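Visitor: Contents are CSV, C-alpha atoms; file name start.csv:
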```csv
chain,number,residue,atom,x,y,z
A,1,MET,CA,-17.1,12.1,3.4
A,2,ALA,CA,-14.5,9.7,2.0
A,3,THR,CA,-15.3,6.1,1.0
A,4,ILE,CA,-12.4,3.7,1.4
A,5,ARG,CA,-12.7,0.1,0.4
A,6,ILE,CA,-10.2,-2.7,0.3
A,7,GLN,CA,-11.8,-5.6,-1.5
A,8,ALA,CA,-11.2,-8.7,-3.7
A,9,GLU,CA,-14.1,-8.0,-6.0
A,10,ALA,CA,-14.0,-5.9,-9.1
A,11,PHE,CA,-15.6,-2.5,-9.1
A,12,ASP,CA,-17.6,-0.4,-11.5
A,13,ALA,CA,-16.0,3.1,-11.8
A,14,ALA,CA,-19.1,4.6,-13.5
A,15,ALA,CA,-21.4,3.4,-10.7
A,16,GLU,CA,-19.0,4.6,-8.0
A,17,THR,CA,-18.9,8.0,-9.7
A,18,ALA,CA,-22.7,8.2,-9.9
A,19,ALA,CA,-22.9,7.2,-6.2
A,20,LEU,CA,-20.4,9.9,-5.2
A,21,ALA,CA,-22.2,12.7,-7.1
A,22,GLN,CA,-25.8,11.6,-6.5
A,23,GLY,CA,-28.1,14.2,-5.1
A,24,ARG,CA,-25.2,16.7,-4.8
A,25,GLY,CA,-25.6,20.2,-6.2
A,26,ASP,CA,-22.2,21.4,-4.8
A,27,ILE,CA,-19.9,19.2,-6.8
A,28,GLY,CA,-18.7,20.7,-10.0
A,29,ALA,CA,-15.9,18.2,-10.9
A,30,VAL,CA,-15.1,14.6,-10.3
A,31,VAL,CA,-11.8,13.3,-11.5
A,32,ALA,CA,-11.6,9.5,-11.8
A,33,PHE,CA,-8.4,7.5,-12.1
A,34,THR,CA,-8.6,3.7,-12.7
A,35,GLY,CA,-5.5,1.6,-12.7
A,36,PHE,CA,-5.7,-1.7,-14.6
A,37,CYS,CA,-3.6,-4.9,-14.7
A,38,ARG,CA,-1.4,-5.1,-17.7
A,39,ASP,CA,-0.3,-8.3,-19.4
A,40,GLU,CA,3.3,-7.0,-20.0
A,41,ASP,CA,3.3,-7.9,-23.7
A,42,GLY,CA,1.5,-11.2,-23.2
A,43,ARG,CA,3.9,-12.4,-20.4
A,44,LEU,CA,1.5,-12.3,-17.5
A,45,SER,CA,-1.6,-14.3,-16.7
A,46,ALA,CA,-2.3,-12.3,-13.6
A,47,LEU,CA,-1.0,-10.0,-10.8
A,48,GLU,CA,-1.4,-11.2,-7.3
A,49,LEU,CA,-1.8,-8.4,-4.8
A,50,GLU,CA,-1.0,-9.0,-1.1
A,51,HIS,CA,-1.9,-6.4,1.5
A,52,TYR,CA,-1.6,-5.6,5.2
A,53,PRO,CA,-5.2,-5.7,6.5
A,54,GLY,CA,-5.8,-3.0,9.0
A,55,MET,CA,-2.8,-0.9,8.0
A,56,ALA,CA,-4.0,-0.6,4.4
A,57,GLU,CA,-7.2,1.0,5.6
A,58,ALA,CA,-5.4,3.2,8.2
A,59,GLU,CA,-2.8,4.4,5.8
A,60,ILE,CA,-5.3,5.3,3.1
A,61,ALA,CA,-7.4,7.1,5.8
A,62,ARG,CA,-4.3,9.2,6.7
A,63,MET,CA,-3.6,10.1,3.0
A,64,VAL,CA,-7.3,11.1,2.6
A,65,ALA,CA,-7.0,13.3,5.7
A,66,GLU,CA,-3.9,14.9,4.2
A,67,ALA,CA,-5.6,15.5,0.8
A,68,GLU,CA,-8.5,17.1,2.6
A,69,THR,CA,-6.2,19.6,4.3
A,70,ARG,CA,-4.6,20.5,1.0
A,71,TRP,CA,-7.6,20.9,-1.3
A,72,PRO,CA,-11.2,21.9,-0.9
A,73,LEU,CA,-12.7,18.5,-1.6
A,74,LYS,CA,-16.4,17.6,-1.7
A,75,GLY,CA,-15.9,13.9,-1.6
A,76,LEU,CA,-13.4,11.1,-2.2
A,77,THR,CA,-13.7,7.4,-3.1
A,78,ILE,CA,-10.7,5.1,-3.0
A,79,ILE,CA,-11.0,1.4,-3.8
A,80,HIS,CA,-8.0,-0.9,-3.9
A,81,ARG,CA,-8.3,-4.6,-4.7
A,82,PHE,CA,-6.3,-7.5,-3.5
A,83,GLY,CA,-5.9,-11.1,-4.6
A,84,LEU,CA,-5.5,-12.4,-8.1
A,85,ILE,CA,-6.3,-9.8,-10.8
A,86,ARG,CA,-6.3,-10.7,-14.5
A,87,PRO,CA,-5.0,-8.4,-17.3
A,88,GLY,CA,-7.7,-5.9,-18.3
A,89,GLU,CA,-9.3,-6.0,-14.8
A,90,PRO,CA,-9.2,-2.9,-12.6
A,91,ILE,CA,-6.9,-2.8,-9.6
A,92,VAL,CA,-7.4,0.7,-8.1
A,93,LEU,CA,-10.0,3.5,-8.3
A,94,VAL,CA,-9.5,7.1,-7.1
A,95,LEU,CA,-12.4,9.5,-7.4
A,96,ALA,CA,-11.8,13.1,-6.2
A,97,ALA,CA,-14.8,15.5,-6.2
A,98,SER,CA,-14.6,19.3,-5.8
A,99,ALA,CA,-16.4,22.4,-6.8
A,100,HIS,CA,-13.8,23.1,-9.5
A,101,ARG,CA,-11.5,21.0,-11.6
A,102,ARG,CA,-8.1,21.9,-10.4
A,103,ALA,CA,-8.5,20.7,-6.9
A,104,ALA,CA,-10.0,17.4,-8.2
A,105,PHE,CA,-7.2,16.8,-10.7
A,106,GLU,CA,-4.5,17.6,-8.2
A,107,ALA,CA,-6.0,15.6,-5.3
A,108,ALA,CA,-6.5,12.5,-7.5
A,109,GLU,CA,-2.8,12.7,-8.7
A,110,PHE,CA,-1.6,13.2,-5.1
A,111,LEU,CA,-3.6,10.2,-3.9
A,112,MET,CA,-2.3,7.9,-6.6
A,113,ASP,CA,1.3,8.9,-5.9
A,114,TYR,CA,0.7,8.3,-2.3
A,115,LEU,CA,-1.0,4.9,-2.9
A,116,LYS,CA,1.9,3.8,-5.0
A,117,THR,CA,4.6,4.5,-2.4
A,118,ARG,CA,2.9,4.4,1.0
A,119,ALA,CA,-0.1,2.0,1.0
A,120,PRO,CA,0.9,-1.5,2.1
A,121,PHE,CA,0.2,-3.5,-1.0
A,122,TRP,CA,2.7,-5.7,-2.9
A,123,LYS,CA,2.3,-7.1,-6.4
A,124,ARG,CA,3.6,-10.4,-7.6
A,125,GLU,CA,3.6,-11.6,-11.2
A,126,HIS,CA,1.9,-14.8,-12.3
A,127,LEU,CA,3.2,-15.9,-15.7
A,128,ILE,CA,1.4,-17.2,-18.7
A,129,ASP,CA,3.1,-20.6,-18.4
A,130,GLY,CA,1.4,-21.2,-15.1
A,131,THR,CA,4.4,-20.5,-12.8
A,132,THR,CA,4.6,-17.8,-10.2
A,133,GLY,CA,7.0,-15.0,-11.1
A,134,ALA,CA,8.8,-12.4,-9.2
A,135,TRP,CA,7.6,-9.7,-6.8
A,136,VAL,CA,7.3,-6.5,-8.6
A,137,GLU,CA,10.1,-4.1,-7.6
A,138,ALA,CA,9.3,-0.6,-6.4
A,139,LYS,CA,10.2,2.2,-8.9
A,140,ASP,CA,12.4,5.2,-8.1
A,141,ALA,CA,10.2,7.2,-10.3
A,142,ASP,CA,7.2,6.5,-8.0
A,143,ASP,CA,9.2,7.7,-5.0
A,144,ALA,CA,10.2,10.9,-6.9
A,145,ALA,CA,6.6,11.4,-7.9
A,146,MET,CA,5.6,11.2,-4.2
A,147,GLU,CA,8.4,13.5,-3.0
A,148,ARG,CA,7.5,16.4,-5.2
A,149,TRP,CA,4.3,16.9,-3.0
A,150,GLY,CA,6.6,17.9,-0.1
B,1,MET,CA,5.0,-8.4,21.0
B,2,LYS,CA,3.6,-9.6,17.7
B,3,LEU,CA,5.7,-9.5,14.5
B,4,VAL,CA,4.1,-9.8,11.1
B,5,TYR,CA,5.8,-10.2,7.7
B,6,PHE,CA,4.7,-9.5,4.1
B,7,ALA,CA,5.6,-10.3,0.5
B,8,TRP,CA,9.2,-11.5,0.0
B,9,VAL,CA,10.1,-10.7,3.6
B,10,ARG,CA,7.4,-13.2,4.7
B,11,GLU,CA,8.7,-15.8,2.3
B,12,ARG,CA,12.3,-15.4,3.4
B,13,VAL,CA,11.5,-15.5,7.1
B,14,GLY,CA,9.2,-18.5,6.4
B,15,ARG,CA,6.2,-17.4,8.4
B,16,THR,CA,3.5,-14.8,8.4
B,17,ASP,CA,3.7,-13.8,12.0
B,18,GLU,CA,5.1,-14.7,15.4
B,19,THR,CA,5.0,-13.5,19.0
B,20,ILE,CA,8.3,-12.7,20.7
B,21,ASP,CA,9.6,-11.5,24.0
B,22,VAL,CA,11.8,-8.5,23.3
B,23,PRO,CA,15.2,-8.9,25.0
B,24,ASP,CA,16.6,-6.1,27.2
B,25,GLY,CA,18.6,-3.6,25.2
B,26,VAL,CA,16.3,-3.8,22.1
B,27,ALA,CA,14.8,-0.4,22.0
B,28,THR,CA,14.3,0.6,18.3
B,29,ILE,CA,13.4,-0.9,15.0
B,30,ALA,CA,17.1,-1.1,14.1
B,31,ASP,CA,17.9,-2.9,17.3
B,32,LEU,CA,15.1,-5.4,16.7
B,33,VAL,CA,16.4,-6.1,13.1
B,34,ARG,CA,19.9,-6.6,14.5
B,35,TRP,CA,18.5,-9.1,17.1
B,36,LEU,CA,16.3,-10.9,14.6
B,37,LYS,CA,19.3,-11.5,12.4
B,38,THR,CA,21.0,-13.4,15.2
B,39,ARG,CA,18.1,-15.9,15.3
B,40,GLY,CA,18.9,-17.8,12.1
B,41,GLU,CA,19.8,-17.7,8.5
B,42,GLU,CA,16.2,-17.1,7.4
B,43,TYR,CA,16.3,-13.8,9.2
B,44,GLU,CA,19.8,-13.0,7.9
B,45,TYR,CA,18.4,-13.6,4.4
B,46,ALA,CA,15.3,-11.5,4.9
B,47,PHE,CA,17.2,-8.6,6.3
B,48,GLU,CA,20.4,-8.9,4.3
B,49,ASN,CA,19.9,-5.4,2.9
B,50,GLU,CA,18.5,-3.6,6.0
B,51,ALA,CA,18.0,-0.4,4.1
B,52,VAL,CA,15.5,-2.0,1.8
B,53,VAL,CA,13.1,-3.6,4.3
B,54,ARG,CA,10.5,-1.2,5.6
B,55,ALA,CA,8.8,-1.3,9.0
B,56,ALA,CA,5.5,-0.2,10.6
B,57,ILE,CA,4.6,0.0,14.3
B,58,ASP,CA,0.9,-0.5,15.0
B,59,HIS,CA,-0.1,0.1,11.4
B,60,VAL,CA,2.0,3.3,11.1
B,61,HIS,CA,5.2,3.6,9.0
B,62,ALA,CA,8.3,3.7,11.2
B,63,ARG,CA,11.9,4.6,10.6
B,64,PRO,CA,14.8,2.4,11.9
B,65,GLU,CA,15.5,4.8,14.8
B,66,ALA,CA,11.8,4.7,16.0
B,67,SER,CA,11.3,3.4,19.5
B,68,ILE,CA,9.4,0.1,19.8
B,69,ALA,CA,8.4,0.7,23.5
B,70,GLY,CA,4.7,-0.1,24.0
B,71,ALA,CA,4.3,-1.5,20.5
B,72,ARG,CA,1.7,-4.2,20.0
B,73,GLU,CA,2.4,-5.2,16.4
B,74,ILE,CA,5.5,-4.5,14.3
B,75,ALA,CA,5.5,-5.3,10.6
B,76,PHE,CA,8.4,-5.8,8.2
B,77,PHE,CA,7.9,-5.7,4.4
B,78,PRO,CA,9.5,-4.7,1.1
B,79,PRO,CA,9.0,-1.3,-0.5
B,80,MET,CA,5.3,-1.0,-1.5
B,81,THR,CA,4.1,-1.7,-5.1
B,82,GLY,CA,0.4,-1.1,-4.9
B,83,GLY,CA,-1.7,1.3,-7.0
```
Since I need it in another form, could you write the structure as structure tokens?

Guide:
Amino acid sequence: MATIRIQAEAFDAAAETAALAQGRGDIGAVVAFTGFCRDEDGRLSALELEHYPGMAEAEIARMVAEAETRWPLKGLTIIHRFGLIRPGEPIVLVLAASAHRRAAFEAAEFLMDYLKTRAPFWKREHLIDGTTGAWVEAKDADDAAMERWG
Amino acid sequence: MKLVYFAWVRERVGRTDETIDVPDGVATIADLVRWLKTRGEEYEYAFENEAVVRAAIDHVHARPEASIAGAREIAFFPPMTGG
């Protein structure tokens, strides 16, 4: 019931939402979260995303299974990009479908907290002057956000 | 056993992957890190703060005390920054 894709290409959140809900009379709510690349006040030309092929898919499948035990979900779509991503382009999409809104909201938030801290992806900055910048450091706030789910 | 490295751990070690023969007495992730650090300054640099570097055994997150017996692929990487 879940769609998981790790891809270099951009995605269309509206088209993915339509595909998830198409022909379904049982879905009452789809919550969509899209994460975009920021330019950090004009400092960045791109973010480069490295990932661990194989584990990325496996880890996201485990977090999907966990979400499905916690909430009565009717469908999930998770898309995470890798490679060079420019400011304004989408990086990640989470769609959570349920009969009612609360489960969809909560599952989408849980999955994003989980993706931030457990999915094997790493961001590195590419700077506007053409040089390669630093690896982005993990945030304690993201760990705290994950831990509150128990 | 195959070892794979990602992000700045990969850059510090200077390779994406390698195949090793695990010496006797190396039973856990922590043991493996201790042994790797004896192999050269690039490993010492990559693992200079052992508490920061994360590990996975066969695509599953693993803690330092996890047994590596029977593992096919062990990965080392920094804290994750996806999403």

Visitor: Which protein, DNA or RNA residues are at most 12 Å from (16.2, 0.1, 19.2) in the file's coordinates when you count all atoms listed in the file, listed as a list in words?

Guide: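 Looking at atoms near the point gives Val22, Pro23, Asp24, Gly25, Val26, Ala27, Thr28, Ile29, Ala30, Asp31, Leu32, Val33, Arg34, Trp35, Leu36, Ala62, Arg63, Pro64, Glu65, Ala66, Ser67, Ile68 and Ala69 of chain B.
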
Visitor: Starting from chain A, keep only residues with some atom at most 6 Å from an atom of chain B, counting only C-alpha atoms, and report them as a ChimeraX atom specification.

Guide: /A:55,92,115-117,120-123,138

Visitor: Just give me the gap between atom CA of A:Ala65 and atom CA of A:Glu16 in Å, one decimal is fine.

Guide: 20.2 Å

Visitor: So what do you get for atom CA of A:Arg38 versus atom CA of A:Arg62, distance-wise?

Guide: 28.4 Å

Visitor: Just give me the gap between atom CA of B:Ala55 and atom CA of A:Leu111 in Å, one decimal is fine.

Guide: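 Between atom CA of B:Ala55 and atom CA of A:Leu111 the gap works out to 21.3 Å.
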
Visitor: Looking at A:Arg102, A:Arg86, A:Asp140, A:Tyr114, which one is nearest to A:Glu40, with distances taken over only C-alpha atoms?

Guide: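 Under the stated criterion, the closest residue is A:Arg86.
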
Visitor: Looking at A:Trp135, A:Gly42, A:Asp12, A:Ala145, which one is nearest to B:Val9, with distances taken over all atoms listed in the file?

Guide: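 Of all the options, A:Trp135 lies closest to B:Val9.
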
Visitor: Residues at most 9 Å from B:Tyr45, counting all atoms listed in the file, excluding those fewer than 5 positions away in the same chain, as a compact mmCIF listing (two decimals) with C-alpha atoms, keeping the file's coordinate frame?

Guide:
```txt
# COMPACT_ATOMS: atom_id res chain seq x y z
CA VAL B 9 10.10 -10.70 3.60
CA ARG B 12 12.30 -15.40 3.40
CA VAL B 13 11.50 -15.50 7.10
CA LYS B 37 19.30 -11.50 12.40
CA GLY B 40 18.90 -17.80 12.10
```

Visitor: Complete stretch 7-43 of chain B with N, CA and C atoms (output as a compact mmCIF listing (two decimals), keeping the file's coordinate frame).

Guide:
```
# COMPACT_ATOMS: atom_id res chain seq x y z
N ALA B 7 4.97 -10.17 1.86
CA ALA B 7 5.60 -10.30 0.50
C ALA B 7 6.91 -11.12 0.68
N TRP B 8 8.01 -10.66 0.02
CA TRP B 8 9.20 -11.50 0.00
C TRP B 8 9.89 -11.55 1.40
N VAL B 9 9.61 -10.60 2.26
CA VAL B 9 10.10 -10.70 3.60
C VAL B 9 9.48 -11.89 4.33
N ARG B 10 8.17 -12.03 4.15
CA ARG B 10 7.40 -13.20 4.70
C ARG B 10 7.96 -14.49 4.17
N GLU B 11 8.20 -14.53 2.86
CA GLU B 11 8.70 -15.80 2.30
C GLU B 11 10.08 -16.14 2.78
N ARG B 12 10.94 -15.13 2.93
CA ARG B 12 12.30 -15.40 3.40
C ARG B 12 12.32 -15.84 4.84
N VAL B 13 11.52 -15.17 5.67
CA VAL B 13 11.50 -15.50 7.10
C VAL B 13 10.78 -16.93 7.24
N GLY B 14 9.84 -17.21 6.34
CA GLY B 14 9.20 -18.50 6.40
C GLY B 14 7.97 -18.58 7.26
N ARG B 15 7.45 -17.44 7.65
CA ARG B 15 6.20 -17.40 8.40
C ARG B 15 5.53 -16.06 8.25
N THR B 16 4.22 -16.07 8.54
CA THR B 16 3.50 -14.80 8.40
C THR B 16 3.54 -13.95 9.61
N ASP B 17 3.67 -14.58 10.79
CA ASP B 17 3.70 -13.80 12.00
C ASP B 17 4.28 -14.66 13.15
N GLU B 18 4.63 -14.01 14.23
CA GLU B 18 5.10 -14.70 15.40
C GLU B 18 5.03 -13.76 16.60
N THR B 19 5.03 -14.34 17.78
CA THR B 19 5.00 -13.50 19.00
C THR B 19 6.34 -13.70 19.70
N ILE B 20 6.97 -12.59 20.07
CA ILE B 20 8.30 -12.70 20.70
C ILE B 20 8.32 -11.92 22.02
N ASP B 21 9.29 -12.31 22.85
CA ASP B 21 9.60 -11.50 24.00
C ASP B 21 10.84 -10.70 23.67
N VAL B 22 10.67 -9.40 23.74
CA VAL B 22 11.80 -8.50 23.30
C VAL B 22 12.86 -8.51 24.38
N PRO B 23 14.09 -8.85 24.00
CA PRO B 23 15.20 -8.90 25.00
C PRO B 23 15.54 -7.47 25.48
N ASP B 24 16.14 -7.39 26.66
CA ASP B 24 16.60 -6.10 27.20
C ASP B 24 17.62 -5.52 26.16
N GLY B 25 17.59 -4.22 26.04
CA GLY B 25 18.60 -3.60 25.20
C GLY B 25 18.05 -3.38 23.74
N VAL B 26 16.92 -4.02 23.41
CA VAL B 26 16.30 -3.80 22.10
C VAL B 26 15.28 -2.74 22.18
N ALA B 27 15.64 -1.53 21.73
CA ALA B 27 14.80 -0.40 22.00
C ALA B 27 14.18 0.23 20.71
N THR B 28 14.80 -0.04 19.57
CA THR B 28 14.30 0.60 18.30
C THR B 28 14.10 -0.50 17.26
N ILE B 29 13.52 -0.05 16.14
CA ILE B 29 13.40 -0.90 15.00
C ILE B 29 14.70 -1.51 14.56
N ALA B 30 15.72 -0.66 14.48
CA ALA B 30 17.10 -1.10 14.10
C ALA B 30 17.61 -2.15 15.02
N ASP B 31 17.42 -1.92 16.32
CA ASP B 31 17.90 -2.90 17.30
C ASP B 31 17.15 -4.25 17.10
N LEU B 32 15.84 -4.15 16.84
CA LEU B 32 15.10 -5.40 16.70
C LEU B 32 15.54 -6.15 15.43
N VAL B 33 15.84 -5.45 14.35
CA VAL B 33 16.40 -6.10 13.10
C VAL B 33 17.70 -6.78 13.46
N ARG B 34 18.57 -6.06 14.17
CA ARG B 34 19.90 -6.60 14.50
C ARG B 34 19.69 -7.92 15.34
N TRP B 35 18.76 -7.89 16.29
CA TRP B 35 18.50 -9.10 17.10
C TRP B 35 17.90 -10.21 16.31
N LEU B 36 16.93 -9.87 15.45
CA LEU B 36 16.30 -10.90 14.60
C LEU B 36 17.36 -11.64 13.77
N LYS B 37 18.33 -10.89 13.27
CA LYS B 37 19.30 -11.50 12.40
C LYS B 37 20.24 -12.49 13.11
N THR B 38 20.22 -12.45 14.45
CA THR B 38 21.00 -13.40 15.20
C THR B 38 20.21 -14.73 15.40
N ARG B 39 18.92 -14.74 15.00
CA ARG B 39 18.10 -15.90 15.30
C ARG B 39 18.10 -16.97 14.25
N GLY B 40 18.80 -16.74 13.14
CA GLY B 40 18.90 -17.80 12.10
C GLY B 40 19.09 -17.24 10.75
N GLU B 41 19.45 -18.15 9.85
CA GLU B 41 19.80 -17.70 8.50
C GLU B 41 18.62 -17.17 7.73
N GLU B 42 17.39 -17.65 8.09
CA GLU B 42 16.20 -17.10 7.40
C GLU B 42 16.05 -15.62 7.66
N TYR B 43 16.36 -15.21 8.88
CA TYR B 43 16.30 -13.80 9.20
C TYR B 43 17.42 -12.99 8.58
```
